[in-house]
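Listing of work_23.cif; format and content: mmCIF, C-alpha atoms.
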data_start
loop_
_atom_site.label_atom_id
_atom_site.label_comp_id
_atom_site.auth_asym_id
_atom_site.auth_seq_id
_atom_site.Cartn_x
_atom_site.Cartn_y
_atom_site.Cartn_z
CA MET A 66 0.00 0.00 0.00
CA LEU A 67 2.92 2.34 0.68
CA VAL A 68 4.30 1.58 -2.77
CA GLY A 69 0.91 2.41 -4.25
CA HIS A 70 0.85 5.82 -2.54
CA LEU A 71 4.48 6.80 -3.05
CA GLY A 72 5.49 5.02 -6.24
CA MET A 73 8.45 2.64 -6.40
CA GLY A 74 11.07 5.41 -6.69
CA VAL A 75 9.91 7.49 -3.69
CA PHE A 76 9.29 4.29 -1.73
CA GLY A 77 12.97 3.51 -2.30
CA VAL A 78 13.84 6.87 -0.71
CA PHE A 79 11.44 6.21 2.19
CA SER A 80 13.02 2.79 2.75
CA MET A 81 16.46 4.40 3.06
CA GLN A 82 15.06 6.84 5.63
CA VAL A 83 13.66 3.89 7.58
CA ALA A 84 17.08 2.22 7.34
CA ALA A 85 18.64 5.34 8.87
CA LEU A 86 15.96 5.29 11.59
CA PHE A 87 16.83 1.71 12.52
CA PHE A 88 20.58 2.26 12.22
CA PHE A 89 20.72 5.30 14.50
CA GLY A 90 17.75 4.31 16.67
CA LEU A 91 18.79 0.74 17.47
CA SER A 92 22.60 1.11 17.41
CA ASP A 93 22.81 2.07 21.09
CA PHE A 94 26.49 1.09 21.31
CA GLY A 95 25.65 -2.01 23.35
CA ILE A 96 24.08 -0.05 26.21
CA SER A 97 20.89 -2.12 26.46
CA ARG A 98 22.72 -5.46 26.24
CA ALA A 99 25.29 -4.26 28.80
CA ILE A 100 22.45 -3.39 31.20
CA VAL A 101 21.09 -6.93 30.91
CA LEU A 102 24.45 -8.67 31.33
CA LEU A 103 25.67 -6.49 34.23
CA SER A 104 22.34 -6.93 36.03
CA PHE A 105 23.39 -10.52 36.66
CA ASP A 106 26.95 -9.69 37.72
CA ASP A 107 27.09 -9.45 41.51
CA ARG A 108 30.31 -7.43 41.34
CA PHE A 109 28.46 -4.46 39.88
CA SER A 110 24.78 -4.89 40.69
CA ALA A 111 25.56 -4.79 44.45
CA GLY A 112 22.35 -6.61 45.25
CA GLU A 113 20.25 -4.00 43.43
CA GLY A 114 19.90 -6.05 40.25
CA TRP A 115 19.32 -3.88 37.20
CA LEU A 116 19.03 -0.51 38.99
CA ARG A 117 22.70 0.60 39.03
CA PRO A 118 23.50 -0.54 35.45
CA TYR A 119 20.25 1.09 34.31
CA ARG A 120 21.09 4.47 35.79
CA ILE A 121 24.46 4.71 34.11
CA GLY A 122 23.11 3.23 30.86
CA LEU A 123 20.33 5.81 30.69
CA ARG A 124 22.84 8.66 30.97
CA TYR A 125 24.87 7.30 28.07
CA SER A 126 21.67 6.74 26.05
CA ALA A 127 20.62 10.37 26.61
CA ALA A 128 24.01 11.63 25.42
CA LEU A 129 23.85 9.49 22.27
CA ALA A 130 20.27 10.60 21.60
CA ALA A 131 21.32 14.24 21.71
CA ILE A 132 24.17 13.58 19.26
CA VAL A 133 21.86 11.79 16.82
CA ALA A 134 19.25 14.56 16.96
CA ILE A 135 21.89 17.19 16.20
CA LEU A 136 23.40 15.06 13.42
CA GLY A 137 20.09 15.25 11.58
CA LEU A 138 20.59 18.96 10.90
CA PRO A 139 23.64 18.78 8.57
CA VAL A 140 22.32 15.61 6.90
CA SER A 141 19.02 17.36 6.12
CA ALA A 142 20.88 20.40 4.77
CA LEU A 143 22.95 18.19 2.44
CA LEU A 144 19.86 16.39 1.15
CA TYR A 145 18.10 19.70 0.54
CA ARG A 146 20.99 20.73 -1.70
CA TRP A 147 21.57 17.35 -3.40
CA HIS A 148 18.49 15.17 -3.83
CA PRO A 149 17.02 12.85 -6.49
CA ALA A 150 15.30 14.69 -9.32
CA HIS A 151 11.95 13.01 -8.70
CA VAL A 152 11.86 13.96 -4.97
CA ASP A 153 11.04 17.42 -3.59
CA GLY A 154 14.14 18.71 -1.79
CA GLN A 155 12.30 20.51 1.00
CA ASP A 156 10.10 17.48 1.67
CA LEU A 157 13.15 15.18 1.74
CA ALA A 158 15.15 17.45 4.05
CA LEU A 159 12.35 18.02 6.56
CA SER A 160 11.31 14.38 6.68
CA THR A 161 14.92 13.27 7.17
CA GLY A 162 15.34 15.66 10.11
CA LEU A 163 12.19 14.23 11.70
CA MET A 164 13.51 10.68 11.15
CA PHE A 165 16.72 11.53 13.01
CA LEU A 166 14.66 12.97 15.88
CA SER A 167 12.64 9.74 15.93
CA ALA A 168 15.90 7.77 16.07
CA ALA A 169 16.99 9.84 19.09
CA ILE A 170 13.75 8.98 20.90
CA MET A 171 14.26 5.29 20.05
CA LEU A 172 17.77 5.43 21.51
CA LEU A 173 16.45 6.86 24.75
CA SER A 174 13.89 4.07 25.08
CA GLN A 175 16.46 1.26 24.79
CA ALA A 176 17.51 1.52 28.46
CA PRO A 177 14.03 0.99 29.99
CA ARG A 178 13.37 -1.77 27.46
CA ALA A 179 16.55 -3.50 28.65
CA VAL A 180 15.23 -3.31 32.22
CA LEU A 181 12.08 -5.19 31.22
CA GLU A 182 14.26 -7.88 29.63
CA ALA A 183 16.52 -8.07 32.70
CA GLN A 184 13.37 -8.54 34.79
CA GLN A 185 12.24 -11.19 32.27
CA ARG A 186 8.94 -9.34 31.78
CA PHE A 187 8.82 -10.32 28.13
CA LEU A 188 5.06 -10.26 27.70
CA LEU A 189 4.90 -6.61 28.71
CA ALA A 190 8.01 -5.74 26.67
CA ASN A 191 6.55 -7.32 23.54
CA LEU A 192 3.15 -5.73 24.08
CA ILE A 193 4.99 -2.44 23.58
CA ARG A 194 7.63 -3.55 21.11
CA GLY A 195 5.29 -5.32 18.68
CA PRO A 196 2.85 -2.46 18.01
CA ALA A 197 5.75 0.02 17.99
CA ALA A 198 7.51 -1.96 15.27
CA ALA A 199 4.34 -2.32 13.21
CA ALA A 200 3.60 1.40 13.56
CA ILE A 201 6.74 2.27 11.59
CA PHE A 202 4.85 1.22 8.46
CA ILE A 203 1.21 1.48 9.54
CA ALA A 204 1.39 5.05 10.86
CA PRO A 205 2.85 6.49 7.62
CA LEU A 206 0.11 4.76 5.65
CA GLY A 207 -2.52 6.63 7.62
CA ALA A 208 -0.59 9.89 7.33
CA LEU A 209 -0.28 9.54 3.56
CA LEU A 210 -4.07 9.41 3.28
CA VAL A 211 -4.12 12.96 4.68
CA SER A 212 -1.00 14.35 3.00
CA ASN A 213 0.92 12.33 0.42
CA THR A 214 4.38 13.57 1.46
CA LEU A 215 7.47 12.09 3.09
CA THR A 216 7.18 14.75 5.81
CA SER A 217 3.74 13.57 6.93
CA ALA A 218 4.99 9.97 7.00
CA ALA A 219 8.03 10.96 9.10
CA LEU A 220 5.91 13.02 11.49
CA SER A 221 3.61 10.06 12.10
CA ILE A 222 6.63 7.88 12.93
CA LEU A 223 7.91 10.49 15.39
CA VAL A 224 4.59 10.48 17.23
CA THR A 225 4.66 6.69 17.58
CA ARG A 226 8.29 6.74 18.84
CA VAL A 227 7.35 9.21 21.59
CA MET A 228 4.38 7.04 22.58
CA ALA A 229 6.51 3.87 22.67
CA ALA A 230 9.21 5.54 24.80
CA ALA A 231 6.58 6.78 27.25
CA CYS A 232 5.20 3.24 27.54
CA TYR A 233 8.65 1.77 28.25
CA PHE A 234 9.38 4.27 31.01
CA TRP A 235 5.93 3.77 32.50
CA ALA A 236 6.32 -0.03 32.44
CA CYS A 237 9.65 0.17 34.28
CA GLY A 238 8.16 2.26 37.05
CA VAL A 239 11.41 4.19 37.57
CA VAL A 240 12.25 7.88 37.52
CA PRO A 241 14.43 8.51 34.40
CA ALA A 242 16.84 10.86 36.20
CA GLY A 243 17.72 8.36 38.92
CA ALA A 244 20.42 8.87 41.52
CA ALA A 245 24.14 9.11 40.75
CA THR A 246 25.17 5.86 42.43
CA ALA A 247 27.32 4.43 39.64
CA ASP A 248 30.94 4.26 40.86
CA ARG A 249 34.10 4.39 38.79
CA GLU A 250 34.53 0.60 38.66
CA LEU A 251 31.03 0.13 37.34
CA ARG A 252 31.46 2.90 34.76
CA LEU A 253 34.66 1.33 33.46
CA ALA A 254 33.11 -2.13 33.32
CA PHE A 255 30.02 -0.73 31.62
CA LEU A 256 32.01 1.17 29.00
CA ARG A 257 34.26 -1.82 28.32
CA LYS A 258 31.38 -4.23 27.81
CA ALA A 259 29.11 -1.75 26.04
CA GLY A 260 31.97 -0.56 23.84
CA TRP A 261 32.66 -3.93 22.24
CA LEU A 262 28.97 -4.86 22.14
CA GLY A 263 28.22 -1.45 20.67
CA LEU A 264 30.84 -1.73 17.96
CA THR A 265 29.37 -5.11 17.06
CA ASN A 266 25.87 -3.65 17.05
CA VAL A 267 26.76 -0.62 14.91
CA LEU A 268 28.63 -2.70 12.36
CA SER A 269 25.82 -5.25 12.25
CA MET A 270 23.30 -2.51 11.50
CA LEU A 271 25.62 -1.03 8.89
CA ILE A 272 25.95 -4.42 7.21
CA ALA A 273 22.18 -4.92 7.30
CA TYR A 274 21.39 -1.69 5.44
CA ILE A 275 24.47 -0.80 3.38
CA ASP A 276 23.18 -2.79 0.40
CA ARG A 277 20.27 -0.34 -0.02
CA PHE A 278 22.60 2.63 -0.33
CA ILE A 279 25.03 0.83 -2.66
CA LEU A 280 22.11 -0.20 -4.86
CA GLY A 281 20.93 3.41 -4.88
CA ALA A 282 24.40 4.64 -5.86
CA MET A 283 25.15 1.98 -8.49
CA GLY A 284 21.60 1.48 -9.75
CA SER A 285 18.43 3.46 -9.03
CA THR A 286 15.90 4.11 -6.29
CA ILE A 287 13.52 1.83 -8.21
CA MET A 288 16.01 -1.04 -7.74
CA VAL A 289 16.19 -0.11 -4.07
CA GLY A 290 12.41 -0.38 -3.80
CA GLN A 291 12.33 -3.78 -5.52
CA PHE A 292 15.11 -5.07 -3.26
CA VAL A 293 13.64 -3.64 -0.05
CA ILE A 294 10.28 -5.30 -0.68
CA ALA A 295 12.04 -8.68 -0.67
CA GLN A 296 14.37 -7.81 2.19
CA GLU A 297 11.60 -6.49 4.44
CA VAL A 298 9.68 -9.76 4.13
CA VAL A 299 12.76 -11.88 4.83
CA THR A 300 14.22 -9.87 7.68
CA LYS A 301 10.89 -9.88 9.50
CA MET A 302 11.89 -13.44 10.42
CA TRP A 303 14.39 -11.81 12.76
CA ILE A 304 11.50 -10.47 14.85
CA ALA A 305 10.66 -13.98 16.07
CA SER A 306 14.27 -15.14 16.43
CA GLY A 307 15.25 -11.86 18.08
CA ALA A 308 12.47 -12.28 20.63
CA VAL A 309 13.74 -15.80 21.38
CA ILE A 310 17.30 -14.56 21.93
CA SER A 311 16.18 -11.61 24.06
CA ALA A 312 14.19 -13.98 26.26
CA ALA A 313 17.15 -16.36 26.54
CA MET A 314 19.89 -13.82 27.35
CA PRO A 315 19.06 -13.37 31.07
CA ARG A 316 18.99 -17.13 31.57
CA LEU A 317 22.20 -17.67 29.59
CA ALA A 318 23.90 -14.90 31.59
CA SER A 319 22.84 -16.48 34.89
CA GLN A 320 24.13 -19.92 33.78
CA ARG A 321 27.56 -18.90 32.46
CA GLU A 322 29.51 -20.14 35.49
CA ALA A 323 31.22 -23.54 35.17
CA SER A 324 29.01 -24.96 37.91
CA GLN A 325 25.98 -24.27 35.73
CA ALA A 326 27.36 -26.00 32.59
CA GLY A 327 24.68 -28.69 32.66
CA GLU A 328 21.85 -26.17 32.88
CA LEU A 329 23.46 -24.09 30.12
CA ARG A 330 23.55 -27.06 27.76
CA LYS A 331 19.90 -27.81 28.57
CA THR A 332 18.90 -24.22 27.81
CA THR A 333 20.87 -24.32 24.57
CA ARG A 334 19.12 -27.50 23.43
CA GLN A 335 15.78 -25.84 24.11
CA LEU A 336 16.88 -22.82 22.10
CA VAL A 337 17.91 -24.98 19.15
CA ALA A 338 14.54 -26.75 19.09
CA ILE A 339 12.65 -23.45 19.27
CA MET A 340 14.82 -21.84 16.58
CA TRP A 341 14.21 -24.64 14.08
CA ILE A 342 10.51 -23.85 14.35
CA ALA A 343 10.66 -20.06 14.73
CA GLY A 344 13.70 -19.41 12.52
CA VAL A 345 14.30 -22.14 9.96
CA LEU A 346 10.75 -23.26 9.12
CA PRO A 347 9.65 -19.74 8.02
CA ALA A 348 12.70 -19.63 5.71
CA VAL A 349 11.62 -22.91 4.11
CA ILE A 350 8.11 -21.52 3.55
CA LEU A 351 9.45 -18.33 1.93
CA ILE A 352 11.77 -20.28 -0.36
CA LEU A 353 9.03 -22.61 -1.56
CA PHE A 354 6.14 -20.14 -1.68
CA GLY A 355 7.83 -16.74 -1.95
CA GLY A 356 6.22 -15.87 -5.29
CA PRO A 357 2.60 -16.53 -4.29
CA ILE A 358 3.13 -14.82 -0.92
CA LEU A 359 4.46 -11.65 -2.56
CA LYS A 360 1.70 -11.67 -5.15
CA LEU A 361 -1.00 -12.07 -2.50
CA TRP A 362 0.57 -9.33 -0.38
CA LEU A 363 1.36 -6.71 -3.06
CA ARG A 364 -1.51 -7.45 -5.48
CA GLY A 365 -1.52 -4.68 -8.08
CA ASN A 366 1.98 -3.54 -7.04
CA PHE A 367 3.49 -7.03 -7.39
CA ASP A 368 6.85 -7.01 -9.18
CA PRO A 369 8.26 -10.43 -10.22
CA ALA A 370 11.78 -9.00 -9.92
CA SER A 371 11.48 -9.21 -6.10
CA VAL A 372 10.75 -12.95 -5.95
CA LEU A 373 14.20 -14.48 -6.55
CA PRO A 374 15.99 -12.04 -4.16
CA LEU A 375 13.44 -12.94 -1.49
CA GLN A 376 14.13 -16.67 -1.91
CA ILE A 377 17.91 -16.21 -1.92
CA MET A 378 17.90 -14.05 1.22
CA ALA A 379 15.49 -16.39 3.02
CA ALA A 380 18.14 -19.12 2.86
CA GLY A 381 20.67 -16.83 4.52
CA VAL A 382 18.34 -15.68 7.30
CA GLY A 383 17.30 -19.28 7.99
CA ILE A 384 20.83 -20.41 8.84
CA ASN A 385 21.56 -17.12 10.60
CA ASN A 386 18.74 -17.78 13.04
CA LEU A 387 20.61 -20.85 14.27
CA THR A 388 23.88 -18.89 14.31
CA GLN A 389 22.34 -16.34 16.69
CA ILE A 390 22.43 -18.98 19.42
CA ASN A 391 26.19 -19.36 19.03
CA PHE A 392 26.69 -15.59 18.86
CA SER A 393 24.72 -15.07 22.08
CA LEU A 394 26.81 -17.70 23.86
CA LEU A 395 29.95 -15.98 22.59
CA GLN A 396 28.82 -12.69 24.13
CA VAL A 397 27.82 -14.32 27.42
CA HIS A 398 31.24 -15.94 27.76
CA GLY A 399 33.16 -12.71 27.30
CA GLY A 400 33.65 -12.83 23.54
CA GLU A 401 32.46 -9.28 22.87
CA GLN A 402 35.82 -8.25 21.40
CA ARG A 403 35.94 -11.23 19.06
CA GLY A 404 32.40 -10.49 17.92
CA ALA A 405 33.33 -6.90 17.13
CA PHE A 406 36.36 -7.92 15.05
CA LEU A 407 34.13 -10.41 13.21
CA GLN A 408 31.79 -7.60 12.18
CA VAL A 409 34.72 -5.56 10.86
CA PHE A 410 35.51 -8.48 8.57
CA HIS A 411 31.88 -8.69 7.45
CA VAL A 412 31.75 -4.98 6.57
CA LEU A 413 34.69 -5.48 4.22
CA PHE A 414 33.25 -8.75 2.90
CA VAL A 415 29.82 -7.34 2.08
CA CYS A 416 31.21 -4.18 0.46
CA VAL A 417 33.48 -6.20 -1.84
CA ALA A 418 30.71 -8.71 -2.61
CA LEU A 419 28.23 -5.96 -3.48
CA ALA A 420 30.77 -4.15 -5.65
CA LEU A 421 31.42 -7.36 -7.59
CA LEU A 422 27.88 -8.74 -7.80
CA VAL A 423 25.58 -5.71 -8.16
CA PRO A 424 26.87 -4.45 -11.57
CA PRO A 425 26.34 -7.77 -13.42
CA PHE A 426 23.35 -9.15 -11.47
CA GLY A 427 21.55 -6.12 -9.99
CA ILE A 428 19.24 -6.86 -7.06
CA ASN A 429 19.87 -10.61 -7.42
CA GLY A 430 23.57 -9.90 -6.90
CA ALA A 431 22.78 -7.91 -3.76
CA ALA A 432 20.71 -10.84 -2.46
CA ILE A 433 23.57 -13.29 -3.16
CA ALA A 434 26.00 -11.04 -1.26
CA PHE A 435 23.52 -10.88 1.65
CA THR A 436 23.20 -14.67 1.92
CA ALA A 437 26.89 -15.40 1.28
CA ARG A 438 27.81 -13.15 4.20
CA LEU A 439 25.39 -14.93 6.55
CA MET A 440 26.67 -18.35 5.47
CA VAL A 441 30.28 -17.36 6.12
CA ASP A 442 29.23 -15.81 9.42
CA SER A 443 27.75 -19.10 10.64
CA LEU A 444 31.09 -20.88 10.19
CA LEU A 445 33.20 -18.10 11.72
CA VAL A 446 31.00 -17.67 14.80
CA ARG A 447 31.09 -21.42 15.40
CA GLN A 448 34.89 -21.33 15.23
CA LEU A 449 35.12 -18.38 17.64
CA LEU A 450 32.80 -20.07 20.11
CA SER A 451 34.83 -23.29 19.96
CA GLY A 452 37.92 -21.37 21.05
CA CYS A 453 36.13 -19.44 23.79
CA ASP A 454 36.99 -21.85 26.66
CA GLU A 455 37.28 -25.56 27.44
CA ASN A 456 33.50 -25.98 27.06
CA GLY A 457 33.31 -24.05 23.81
CA ARG A 458 33.42 -27.08 21.56
CA THR A 459 30.36 -28.63 23.19
CA MET A 460 28.28 -25.44 23.45
CA GLY A 461 25.80 -24.14 20.95
CA VAL A 462 24.97 -25.34 17.44
CA GLY A 463 27.65 -27.59 15.93
CA ASN A 464 29.17 -27.44 12.46
CA LEU A 465 27.29 -30.57 11.38
CA MET A 466 23.88 -29.08 12.16
CA LEU A 467 24.83 -25.76 10.55
CA ALA A 468 26.03 -27.54 7.40
CA GLY A 469 22.88 -29.65 7.31
CA CYS A 470 20.63 -26.60 7.66
CA GLY A 471 22.53 -24.68 4.99
CA SER A 472 22.47 -27.63 2.57
CA LEU A 473 18.73 -28.11 3.10
CA LEU A 474 17.93 -24.47 2.42
CA LEU A 475 20.19 -24.25 -0.65
CA CYS A 476 18.72 -27.45 -2.11
CA LEU A 477 15.19 -26.09 -1.63
CA LEU A 478 16.32 -22.86 -3.30
CA VAL A 479 17.57 -24.77 -6.35
CA VAL A 480 14.35 -26.77 -6.54
CA ALA A 481 12.17 -23.67 -6.16
#
Would you give me this structure, written as structure tokens?
Amino acid sequence: MLVGHLGMGVFGVFSMQVAALFFFGLSDFGISRAIVLLSFDDRFSAGEGWLRPYRIGLRYSAALAAIVAILGLPVSALLYRWHPAHVDGQDLALSTGLMFLSAAIMLLSQAPRAVLEAQQRFLLANLIRGPAAAAIFIAPLGALLVSNTLTSAALSILVTRVMAAACYFWACGVVPAGAATADRELRLAFLRKAGWLGLTNVLSMLIAYIDRFILGAMGSTIMVGQFVIAQEVVTKMWIASGAVISAAMPRLASQREASQAGELRKTTRQLVAIMWIAGVLPAVILILFGGPILKLWLRGNFDPASVLPLQIMAAGVGINNLTQINFSLLQVHGGEQRGAFLQVFHVLFVCVALALLVPPFGINGAAIAFTARLMVDSLLVRQLLSGCDENGRTMGVGNLMLAGCGSLLLCLLVVA
């Protein structure tokens, strides 16, 4: 419906604005994950659980939010001066500034959301998170019925981000300002853990969205729109798998000691079983029935060019959903630095792959680069986890299962 209102070219621009919203709004430099992990570390929680890590995390979130909001000003000015011929410059600049402000609000809400996860109040967290995520596309649709501009769409997103942040703070039941109880040792530990987790997070978000901007530079915004339609369907599988990992992190963190090795393996087996259903099965469905699903969904706006990229990327996301278990275990066992260096490699890998594959194959080449990166990632994360400690080789999803999953998905892709 958004494509019908905006047209494929302007929808491509809107999708890049949404990518910027997610990149700057969710890349909280590891603050939310650090809050969760430190809440279960008796050295720093001092019997208060999440409260002390939350207070320091919220301060860092507020500082980042201010930086992001200010960053929107020069970006908007540049887009006003240099913009696609088919997009109004003033509309593009104003809507981009509003998107950056929305990203700042999202950043601020990550700390109270982390508290809900540390408290394992996942039902309440998802009652806020689910509608907030859906509103990023539903709210602009309603706004476009009133005023068919990017500015109205961006303004509607800003309103929903403010509402979601208010709900998170209300659900936590804490005063945002808090008391300055964080000592120097906690601040150093927080910055060290959040720094490596944050670098990993920022690079992961960059990898996830850089293909849109390379397609826009090397191709056209129409190609971006065709690619994003496929990518948005596929990456929505990460909503389910991400919810599984978020729910598992507090338990994994509490079971990381050697004395809890048996319980950790039991939790991991449960995660694997859940992820096959929540992460791999949807990928199989998209590979086999991607065309009919897109046609049913898009109707008059259906473009056959989006079908094959969808199927290719579904294979990559399917195996990545299993890999997320290994990556979470790597973080729990102190492998934040290794995870960050891994993402540096992937940034280089995906840039080279896109540069080589997009010119001859267009959006199909971008989809191949996407899936190739996730396949390589599954092997590298498994290797890093194996070298984590003496239990690393027996933790998580093994190479045999990863190879079997990848082979299954690729065979189905060839058949489809």
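Ranking A:Ile294, A:Leu144, A:Met81, A:Leu136 by their shortest atom-to-atom distance to Leu67 of chain A, with all atoms listed in the file included, puts A:Ile294 first.
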Residues in the PyMOL selection byres ((chain A and resi 192) around 12), expressed as a list of chain:residue names: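 Matching residues under the PyMOL selection byres ((chain A and resi 192) around 12) are A:Arg178, A:Leu181, A:Arg186, A:Phe187, A:Leu188, A:Leu189, A:Ala190, A:Asn191, A:Ile193, A:Arg194, A:Gly195, A:Pro196, A:Ala197, A:Ala198, A:Ala199, A:Ala229, A:Cys232, A:Tyr233, A:Ala236, A:Ala308.
Atom CA of Asn266 of chain A sits 6.5 Å away from atom CA of Gly95 of chain A.
Residues lying within 7 Å of segment 392-409 of chain A, counting all atoms listed in the file and ignoring same-chain neighbours fewer than 6 positions away, are Trp261, Leu262, Leu264, Thr265, Leu268, Ser269, Leu317, Ala318, Arg321, Val446 and Leu450 of chain A.
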Given all atoms listed in the file as the basis, pick out the residue of A:Val68, A:Leu163, A:Leu473, A:Ala168 nearest to Ala131 of chain A. A:Ala168
Could you list the residues chosen by the PyMOL selection byres ((chain A and resi 138) around 10) in this structure as a VMD selection string? chain A and resid 133 to 137 139 to 143 158 to 159 161 to 163 165 to 166
Do you know which residues are at most 9 Å from Leu373 of chain A counting all atoms listed in the file, after dropping those on the same chain fewer than 2 positions away, and could you put them as JSON, numbers by chain? {"A": [295, 352, 355, 356, 369, 370, 371, 375, 376, 377, 378, 429, 432]}
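The two atoms in question, atom CA of Thr333 of chain A and atom CA of Ser104 of chain A, are spaced 20.9 Å apart.
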Need to verify the contact set: Asp276 of chain A, 12 Å, all atoms listed in the file, exclusion of same-chain residues closer than 4 positions in sequence. Can you return it as a PyMOL selection string? chain A and resi 80-81+84+270-272+280-284+288-290+292-293+296+412+414-420+422-423+427-436+438
